[in-house]
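J.: Next up, structure_33.cif (mmCIF, C-alpha atoms).
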```cif
data_run
loop_
_atom_site.label_atom_id
_atom_site.label_comp_id
_atom_site.auth_asym_id
_atom_site.auth_seq_id
_atom_site.Cartn_x
_atom_site.Cartn_y
_atom_site.Cartn_z
CA MET F 1 50.46 82.94 222.51
CA SER F 2 49.62 80.65 225.42
CA ALA F 3 48.15 82.19 228.51
CA LEU F 4 48.80 80.31 231.77
CA VAL F 5 48.44 80.67 235.67
CA LEU F 6 48.92 79.62 239.33
CA THR F 7 46.19 78.66 241.80
CA MET F 8 44.50 81.51 243.64
CA GLY F 9 42.81 79.36 246.25
CA GLY F 10 41.86 82.04 248.75
CA LEU F 11 40.25 84.40 246.26
CA SER F 12 38.70 81.63 244.23
CA SER F 13 37.02 79.57 246.91
CA CYS F 14 35.21 81.92 249.25
CA SER F 15 32.75 84.78 249.37
CA SER F 16 30.47 86.02 252.14
CA ASN F 17 27.70 87.16 249.78
CA ASP F 18 26.01 83.86 248.90
CA ASP F 19 22.94 84.59 251.06
CA GLU F 20 22.30 87.91 249.31
CA PHE F 21 23.04 86.62 245.81
CA SER F 22 20.03 85.94 243.59
CA GLU F 23 20.79 83.26 241.02
CA PRO F 24 19.80 84.26 237.46
CA GLU F 25 18.16 82.03 234.90
CA ASN F 26 20.68 80.48 232.51
CA PRO F 27 18.71 78.81 229.71
CA SER F 28 21.61 79.61 227.35
CA PRO F 29 24.94 81.44 227.55
CA GLU F 30 24.78 85.21 227.19
CA PHE F 31 26.96 84.92 224.09
CA ALA F 32 25.57 81.64 222.78
CA GLU F 33 25.69 82.97 219.21
CA GLY F 34 29.35 83.93 219.50
CA ILE F 35 31.20 86.96 220.81
CA GLY F 36 32.67 88.18 217.54
CA LEU F 37 36.29 89.17 217.07
CA ASN F 38 38.11 90.90 219.89
CA PRO F 39 39.37 94.20 218.41
CA ARG F 40 42.80 93.45 219.91
CA PHE F 41 43.21 90.56 217.49
CA THR F 42 42.16 92.21 214.25
CA SER F 43 44.67 92.59 211.45
CA SER F 44 44.66 96.36 211.87
CA GLN F 45 48.15 96.86 213.28
CA THR F 46 50.72 99.60 212.88
CA THR F 47 54.50 99.22 212.94
CA THR F 48 57.00 101.99 213.59
CA SER F 49 60.79 101.88 213.65
CA ASN F 50 62.91 104.37 215.55
CA ASN F 51 66.55 104.23 216.66
CA GLY F 52 66.85 100.52 216.01
CA VAL F 53 63.61 99.54 217.80
CA GLU F 54 60.66 98.24 215.79
CA ILE F 55 57.32 98.36 217.62
CA THR F 56 54.01 96.92 216.42
CA ARG F 57 50.77 98.03 218.08
CA ASP F 58 47.24 96.67 217.79
CA SER F 59 44.22 98.66 216.70
CA LEU F 60 43.72 99.87 220.28
CA GLY F 61 47.27 101.16 220.60
CA SER F 62 48.69 98.42 222.82
CA ILE F 63 52.11 96.94 222.06
CA ARG F 64 52.00 93.52 220.40
CA TRP F 65 55.62 93.13 219.29
CA ILE F 66 59.00 94.74 219.92
CA VAL F 67 62.10 93.85 217.90
CA PHE F 68 65.55 95.20 218.73
CA GLN F 69 67.46 95.62 215.50
CA SER F 70 70.58 96.82 217.31
CA LYS F 71 72.20 94.85 220.12
CA ASP F 72 73.81 98.05 221.41
CA ILE F 73 70.51 99.42 222.69
CA ALA F 74 68.80 96.15 223.63
CA PRO F 75 67.93 95.76 227.35
CA THR F 76 69.59 93.04 229.37
CA SER F 77 66.52 92.14 231.48
CA ALA F 78 62.77 91.92 231.21
CA THR F 79 62.48 94.50 234.00
CA ALA F 80 64.44 97.03 231.96
CA LEU F 81 62.47 96.16 228.82
CA PHE F 82 59.10 96.76 230.47
CA SER F 83 60.27 99.91 232.23
CA GLN F 84 61.95 101.56 229.24
CA TYR F 85 59.85 100.44 226.28
CA ILE F 86 56.53 98.91 227.30
CA GLY F 87 55.67 101.13 230.24
CA TYR F 88 54.15 98.52 232.57
CA ASP F 89 55.23 97.48 236.07
CA LEU F 90 56.61 93.96 235.59
CA GLU F 91 56.49 93.08 239.30
CA LYS F 92 52.96 94.37 239.89
CA ASP F 93 51.26 93.68 236.54
CA PHE F 94 52.83 90.35 235.54
CA ARG F 95 53.82 86.96 236.86
CA LEU F 96 56.75 84.93 235.54
CA TYR F 97 55.47 81.42 234.93
CA ARG F 98 57.96 79.76 232.60
CA GLN F 99 61.62 79.97 231.56
CA GLU F 100 63.06 77.97 228.69
CA SER F 101 66.42 77.79 226.95
CA SER F 102 67.23 76.23 223.56
CA ASP F 103 70.53 74.76 224.73
CA TRP F 104 70.72 72.55 221.67
CA MET F 105 71.44 75.67 219.57
CA GLU F 106 74.99 76.87 219.04
CA ASN F 107 73.84 80.30 220.19
CA PRO F 108 70.97 79.49 222.60
CA ILE F 109 67.82 81.59 222.87
CA LYS F 110 66.31 82.00 226.32
CA VAL F 111 62.59 82.67 226.72
CA GLU F 112 60.80 84.17 229.72
CA CYS F 113 56.99 83.99 229.75
CA TYR F 114 54.94 86.47 231.78
CA GLN F 115 51.22 86.28 232.56
CA GLN F 116 49.38 89.56 233.04
CA GLN F 117 47.57 89.94 236.35
CA TYR F 118 45.42 92.56 238.05
CA LYS F 119 45.32 92.63 241.85
CA GLY F 120 46.56 89.05 241.80
CA ILE F 121 43.93 87.80 239.32
CA ILE F 122 45.26 86.56 236.00
CA LEU F 123 43.97 87.78 232.65
CA TYR F 124 42.89 85.24 230.08
CA GLU F 125 44.93 85.50 226.85
CA ALA F 126 47.12 88.31 228.15
CA GLY F 127 50.87 88.30 228.75
CA PHE F 128 54.25 88.55 227.06
CA ASN F 129 57.07 86.28 225.89
CA VAL F 130 60.54 87.85 226.10
CA ARG F 131 63.40 86.29 224.13
CA PHE F 132 67.10 86.76 224.92
CA GLN F 133 70.30 85.90 223.08
CA ASN F 134 73.82 86.61 224.29
CA GLY F 135 72.39 88.30 227.38
CA LYS F 136 70.33 90.83 225.42
CA VAL F 137 66.62 91.04 224.59
CA ILE F 138 66.11 90.30 220.89
CA ASP F 139 62.33 90.60 220.79
CA CYS F 140 59.12 90.43 222.79
CA ASP F 141 55.54 89.64 221.79
CA GLY F 142 52.24 89.49 223.59
CA VAL F 143 49.00 91.16 224.59
CA TYR F 144 48.23 93.70 227.31
CA VAL F 145 44.68 94.39 228.49
CA PRO F 146 44.12 97.65 230.42
CA VAL F 147 42.02 97.10 233.56
CA ASP F 148 40.71 100.04 235.56
CA ASN F 149 38.90 99.79 238.90
CA LEU F 150 37.49 96.31 238.29
CA ASP F 151 35.96 94.76 241.41
CA VAL F 152 37.89 91.51 241.87
CA THR F 153 35.87 90.28 244.86
CA PRO F 154 33.26 87.85 243.51
CA SER F 155 29.63 88.34 244.51
CA PHE F 156 29.20 84.67 245.36
CA SER F 157 31.36 81.67 246.15
CA LEU F 158 33.09 79.21 243.86
CA GLN F 159 30.78 76.50 245.20
CA ARG F 160 27.72 78.50 244.12
CA ALA F 161 29.31 79.03 240.70
CA LYS F 162 29.81 75.28 240.34
CA GLU F 163 26.18 74.70 241.32
CA ILE F 164 24.99 77.17 238.65
CA TYR F 165 27.06 75.48 235.95
CA ALA F 166 26.09 71.97 237.07
CA LYS F 167 22.41 72.97 236.97
CA TYR F 168 22.89 74.32 233.44
CA LEU F 169 24.61 71.10 232.28
CA LYS F 170 22.17 68.91 234.27
CA VAL F 171 25.05 67.05 235.94
CA PRO F 172 26.05 66.49 239.60
CA VAL F 173 27.96 69.43 241.04
CA GLU F 174 30.77 67.03 241.93
CA ASN F 175 31.49 66.76 238.19
CA VAL F 176 32.40 70.44 237.91
CA GLY F 177 35.97 71.62 238.48
CA THR F 178 38.32 74.45 237.55
CA GLY F 179 41.15 72.94 235.50
CA GLY F 180 41.95 72.70 231.82
CA ILE F 181 41.02 76.06 230.32
CA LEU F 182 44.65 77.18 230.53
CA ILE F 183 47.42 74.64 230.07
CA GLU F 184 49.49 75.15 233.20
CA PHE F 185 47.03 76.83 235.55
CA ASP F 186 43.72 76.04 237.19
CA ASP F 187 42.69 79.34 238.81
CA ALA F 188 38.97 79.50 239.44
CA LEU F 189 38.92 83.29 239.11
CA MET F 190 40.13 85.02 235.98
CA ILE F 191 39.59 88.28 234.14
CA ALA F 192 38.45 87.93 230.55
CA GLU F 193 37.38 90.46 227.93
CA PHE F 194 33.85 90.31 226.53
CA PRO F 195 31.66 92.65 224.49
CA VAL F 196 29.85 95.12 226.75
CA SER F 197 26.60 93.81 225.24
CA LYS F 198 25.47 91.40 222.54
CA GLY F 199 26.70 92.47 219.12
CA SER F 200 28.81 95.32 220.48
CA SER F 201 32.26 95.99 219.03
CA GLN F 202 33.29 97.57 222.34
CA TRP F 203 34.87 95.12 224.77
CA ALA F 204 35.65 95.36 228.48
CA PRO F 205 37.25 93.11 231.10
CA ARG F 206 35.00 91.08 233.41
CA LEU F 207 35.68 89.02 236.50
CA VAL F 208 34.73 85.44 235.67
CA TYR F 209 34.75 81.98 237.14
CA ALA F 210 36.55 79.59 234.79
CA LEU F 211 34.84 76.21 235.17
CA SER F 212 35.17 72.82 233.54
CA TYR F 213 33.18 69.60 233.33
CA ASN F 214 35.08 66.51 234.46
CA GLY F 215 34.51 64.52 231.28
CA MET F 216 34.14 65.16 227.57
CA HIS F 217 31.30 67.51 226.72
CA ASN F 218 30.53 69.92 223.89
CA GLU F 219 29.99 72.58 226.57
CA GLY F 220 32.74 71.31 228.85
CA PHE F 221 34.36 74.70 229.51
CA CYS F 222 32.56 77.74 230.85
CA PHE F 223 33.14 81.39 231.71
CA LEU F 224 30.58 82.53 234.28
CA ASP F 225 30.29 86.18 235.34
CA ALA F 226 31.49 86.29 238.97
CA HIS F 227 29.19 89.22 239.79
CA THR F 228 25.95 88.47 237.94
CA GLY F 229 26.05 84.67 237.84
CA ARG F 230 25.27 84.70 234.12
CA ILE F 231 26.92 82.03 232.00
CA LEU F 232 28.79 84.07 229.41
CA LYS F 233 30.30 81.45 227.14
CA THR F 234 30.69 77.68 226.87
CA TRP F 235 32.83 75.59 224.53
CA ASN F 236 33.92 71.99 224.15
CA ASN F 237 36.65 70.53 226.33
CA TYR F 238 38.02 68.12 223.75
CA ILE F 239 39.99 68.35 220.53
CA THR F 240 38.80 66.64 217.39
CA ASN F 241 41.59 65.70 214.99
CA PHE F 242 40.55 64.71 211.51
CA ILE F 243 43.07 62.46 209.79
CA PRO F 244 42.31 61.91 206.10
CA PHE F 245 42.80 58.44 204.69
#
```
Let's see the structure in the file written out as structure tokens.
T.:
Amino acid sequence: MSALVLTMGGLSSCSSNDDEFSEPENPSPEFAEGIGLNPRFTSSQTTTSNNGVEITRDSLGSIRWIVFQSKDIAPTSATALFSQYIGYDLEKDFRLYRQESSDWMENPIKVECYQQQYKGIILYEAGFNVRFQNGKVIDCDGVYVPVDNLDVTPSFSLQRAKEIYAKYLKVPVENVGTGGILIEFDDALMIAEFPVSKGSSQWAPRLVYALSYNGMHNEGFCFLDAHTGRILKTWNNYITNFIPF
């Protein structure tokens, strides 16, 4: 699923700790050799069906899919769905960012897309899509990442983060921005899951700066730890399409 966000200008652009922050060396990203497969996205899923509700959970026990096989018990709103079946606070833990309706269909399907957030900071690749038909929820799919007591105040400013990334790329700091990693959002601060150490199969959420190079580059996107200053991961900011002749 697509994960998307709004701008968090106040949180993203300032910090009072720049003078105390000691910039680390970044000769290569912490996970330059790859981060492995997030256990949330493995094929190890379990599906149960009870009273007309089919629920699929990932290997960590979080809900990935809910299908209502009976319209009689299906909720009429996303709020009721999350409260009764998913167990999360829709208003506190999520942000509605898109609504669509397939009006061209004889029996239109309406979709509401929710981005997960924690203390106002969005989570990368976390959220749910809820589909309705005839005023009832027909199904819902997505990813939820538990976050517990994560410090969401960065240890240094967005400007310092841009300087670190620009130094790593050997480009002017003016060429570093914050857009493009997610399609509809350009938040500088995000929460993203990473292994707790190199090669570990245990993952945990981290506060990161999501940065981008203003031009095509094979390391054009970057996640930078907003507490340590370490560059965690880089990847290209372009798509290569191969069209066979």
J.: On this structure, which residues satisfy the PyMOL selection byres ((chain F and resi 56-59) around 7), written as a PDB file with C-alpha atoms, in the coordinates of the input?
T.:
```pdb
ATOM      1  CA  PRO F  39      39.370  94.200 218.410  1.00  0.00           C
ATOM      2  CA  ARG F  40      42.800  93.450 219.910  1.00  0.00           C
ATOM      3  CA  SER F  44      44.660  96.360 211.870  1.00  0.00           C
ATOM      4  CA  GLN F  45      48.150  96.860 213.280  1.00  0.00           C
ATOM      5  CA  THR F  46      50.720  99.600 212.880  1.00  0.00           C
ATOM      6  CA  THR F  47      54.500  99.220 212.940  1.00  0.00           C
ATOM      7  CA  THR F  48      57.000 101.990 213.590  1.00  0.00           C
ATOM      8  CA  GLU F  54      60.660  98.240 215.790  1.00  0.00           C
ATOM      9  CA  ILE F  55      57.320  98.360 217.620  1.00  0.00           C
ATOM     10  CA  LEU F  60      43.720  99.870 220.280  1.00  0.00           C
ATOM     11  CA  GLY F  61      47.270 101.160 220.600  1.00  0.00           C
ATOM     12  CA  SER F  62      48.690  98.420 222.820  1.00  0.00           C
ATOM     13  CA  ILE F  63      52.110  96.940 222.060  1.00  0.00           C
ATOM     14  CA  ARG F  64      52.000  93.520 220.400  1.00  0.00           C
ATOM     15  CA  TRP F  65      55.620  93.130 219.290  1.00  0.00           C
ATOM     16  CA  ILE F  66      59.000  94.740 219.920  1.00  0.00           C
TER      17      ILE F  66
END
```
J.: So, counting only C-alpha atoms, which residue among F:Ser201, F:Ser155, F:Asn38, F:Ser101 is closest to Asp225 in chain F?
T.: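 Going through F:Ser201, F:Ser155, F:Asn38, F:Ser101 one by one, the smallest distance to Asp225 in chain F is for F:Ser155.
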J.: Since I can't run it myself right now, could you work out what the PyMOL selection byres ((chain F and resi 29) around 8) selects here and report it as an mmCIF file with C-alpha atoms, in the coordinates of the input?
T.:
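Now in expr_13.cif:
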```
data_model
loop_
_atom_site.group_PDB
_atom_site.id
_atom_site.type_symbol
_atom_site.label_atom_id
_atom_site.label_comp_id
_atom_site.auth_asym_id
_atom_site.auth_seq_id
_atom_site.Cartn_x
_atom_site.Cartn_y
_atom_site.Cartn_z
ATOM 1 C CA ASN F 26 20.680 80.480 232.510
ATOM 2 C CA PRO F 27 18.710 78.810 229.710
ATOM 3 C CA SER F 28 21.610 79.610 227.350
ATOM 4 C CA GLU F 30 24.780 85.210 227.190
ATOM 5 C CA PHE F 31 26.960 84.920 224.090
ATOM 6 C CA ALA F 32 25.570 81.640 222.780
ATOM 7 C CA ARG F 230 25.270 84.700 234.120
ATOM 8 C CA ILE F 231 26.920 82.030 232.000
ATOM 9 C CA LEU F 232 28.790 84.070 229.410
ATOM 10 C CA LYS F 233 30.300 81.450 227.140
ATOM 11 C CA THR F 234 30.690 77.680 226.870
#
```
J.: Calculate how many Å separate CA of Arg95 in chain F from CA of Ile122 in chain F, rounding to one decimal.
T.: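 According to the coordinates, CA of Arg95 in chain F and CA of Ile122 in chain F are separated by 8.6 Å.
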J.: Any idea what the distance is between CA of Tyr144 in chain F and CA of Met190 in chain F?
T.: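 About the pair CA of Tyr144 in chain F and CA of Met190 in chain F: they are 14.7 Å apart.
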J.: Do you know which residues are at most 9 Å from Gly127 in chain F counting all atoms listed in the file, after dropping those on the same chain fewer than 2 positions away, and could you put them as a list in words?
T.: Met1, Ser2, Ala3, Leu4, Phe94, Arg95, Cys113, Tyr114, Gln115, Gln116, Gln117, Leu123, Tyr124, Glu125, Asn129, Asp141, Gly142, Val143, Tyr144 and Val145 of chain F
J.: Might you spell out which residues the PyMOL selection byres ((chain F and resi 237) around 8) would select in the displayed file, as a list in words?
T.: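 After applying the PyMOL selection byres ((chain F and resi 237) around 8), what remains is Gly180, Ser212, Tyr213, Met216, His217, Asn218, Glu219, Gly220, Phe221, Trp235, Asn236, Tyr238 and Ile239 of chain F.
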J.: Report as JSON lines: every residue of range 28-93 of chain F with an atom at most 12 Å from range 106-110 of chain F, its closest pair of atoms, and their distance in Å to one decimal, counting all atoms listed in the file, with rows sorted by chain and ascending residue number.
T.:
```
{"residue": "F:Thr76", "atom": "CA", "partner": "F:Lys110", "partner_atom": "CA", "distance": 11.9}
{"residue": "F:Ser77", "atom": "CA", "partner": "F:Lys110", "partner_atom": "CA", "distance": 11.4}
{"residue": "F:Ala78", "atom": "CA", "partner": "F:Lys110", "partner_atom": "CA", "distance": 11.6}
```
J.: Given only C-alpha atoms as the basis, pick out the residue of F:Phe68, F:Phe194, F:Thr178, F:Arg206 nearest to Asp148 in chain F.
T.: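 Of the candidates, the smallest distance to Asp148 in chain F is held by F:Arg206.
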J.: With a distance cut-off of 9 Å and only C-alpha atoms, select the neighbouring residues of Gly36 in chain F, excluding the residue or stretch itself and same-chain residues fewer than 2 positions from it, and output the selection as a PyMOL selection string.
T.: chain F and resi 33-34+38+195+199-201
J.: Would you save the residues from that selection as a short mmCIF file (atom, residue, chain, number, x, y, z; two decimals), keeping the file's coordinate frame, using C-alpha atoms?
T.:
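The new file again-v3.cif reads:
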```
data_model
loop_
_atom_site.label_atom_id
_atom_site.label_comp_id
_atom_site.auth_asym_id
_atom_site.auth_seq_id
_atom_site.Cartn_x
_atom_site.Cartn_y
_atom_site.Cartn_z
CA GLU F 33 25.69 82.97 219.21
CA GLY F 34 29.35 83.93 219.50
CA ASN F 38 38.11 90.90 219.89
CA PRO F 195 31.66 92.65 224.49
CA GLY F 199 26.70 92.47 219.12
CA SER F 200 28.81 95.32 220.48
CA SER F 201 32.26 95.99 219.03
#
```
J.: Using all atoms listed in the file, which of F:Leu37, F:Ile181, F:Val130, F:Val176 sits nearest Leu81 in chain F?
T.: F:Val130
J.: Just how far from CA of Leu207 in chain F is CA of Ala192 in chain F, in Å to one decimal?
T.: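 That distance, rounded to one decimal, is 6.7 Å.
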J.: Looking at only C-alpha atoms, which of F:Gly215, F:Gly87, F:Pro75, F:Gly135 is the one that sits closest to Leu169 in chain F?
T.: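 Ranked by minimum distance to Leu169 in chain F, first place goes to F:Gly215.
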J.: Please, which residues in range 88-141 of chain F fall within 10 Å of range 184-188 of chain F when counting all atoms listed in the file, and what is the closest atom pair and distance in Å to one decimal for each, ordered by chain then residue number, as CSV?
T.:
```
residue,atom,partner,partner_atom,distance
F:Tyr97,CA,F:Glu184,CA,8.8
F:Arg98,CA,F:Glu184,CA,9.7
F:Ile121,CA,F:Asp187,CA,8.6
F:Ile122,CA,F:Asp187,CA,8.2
```
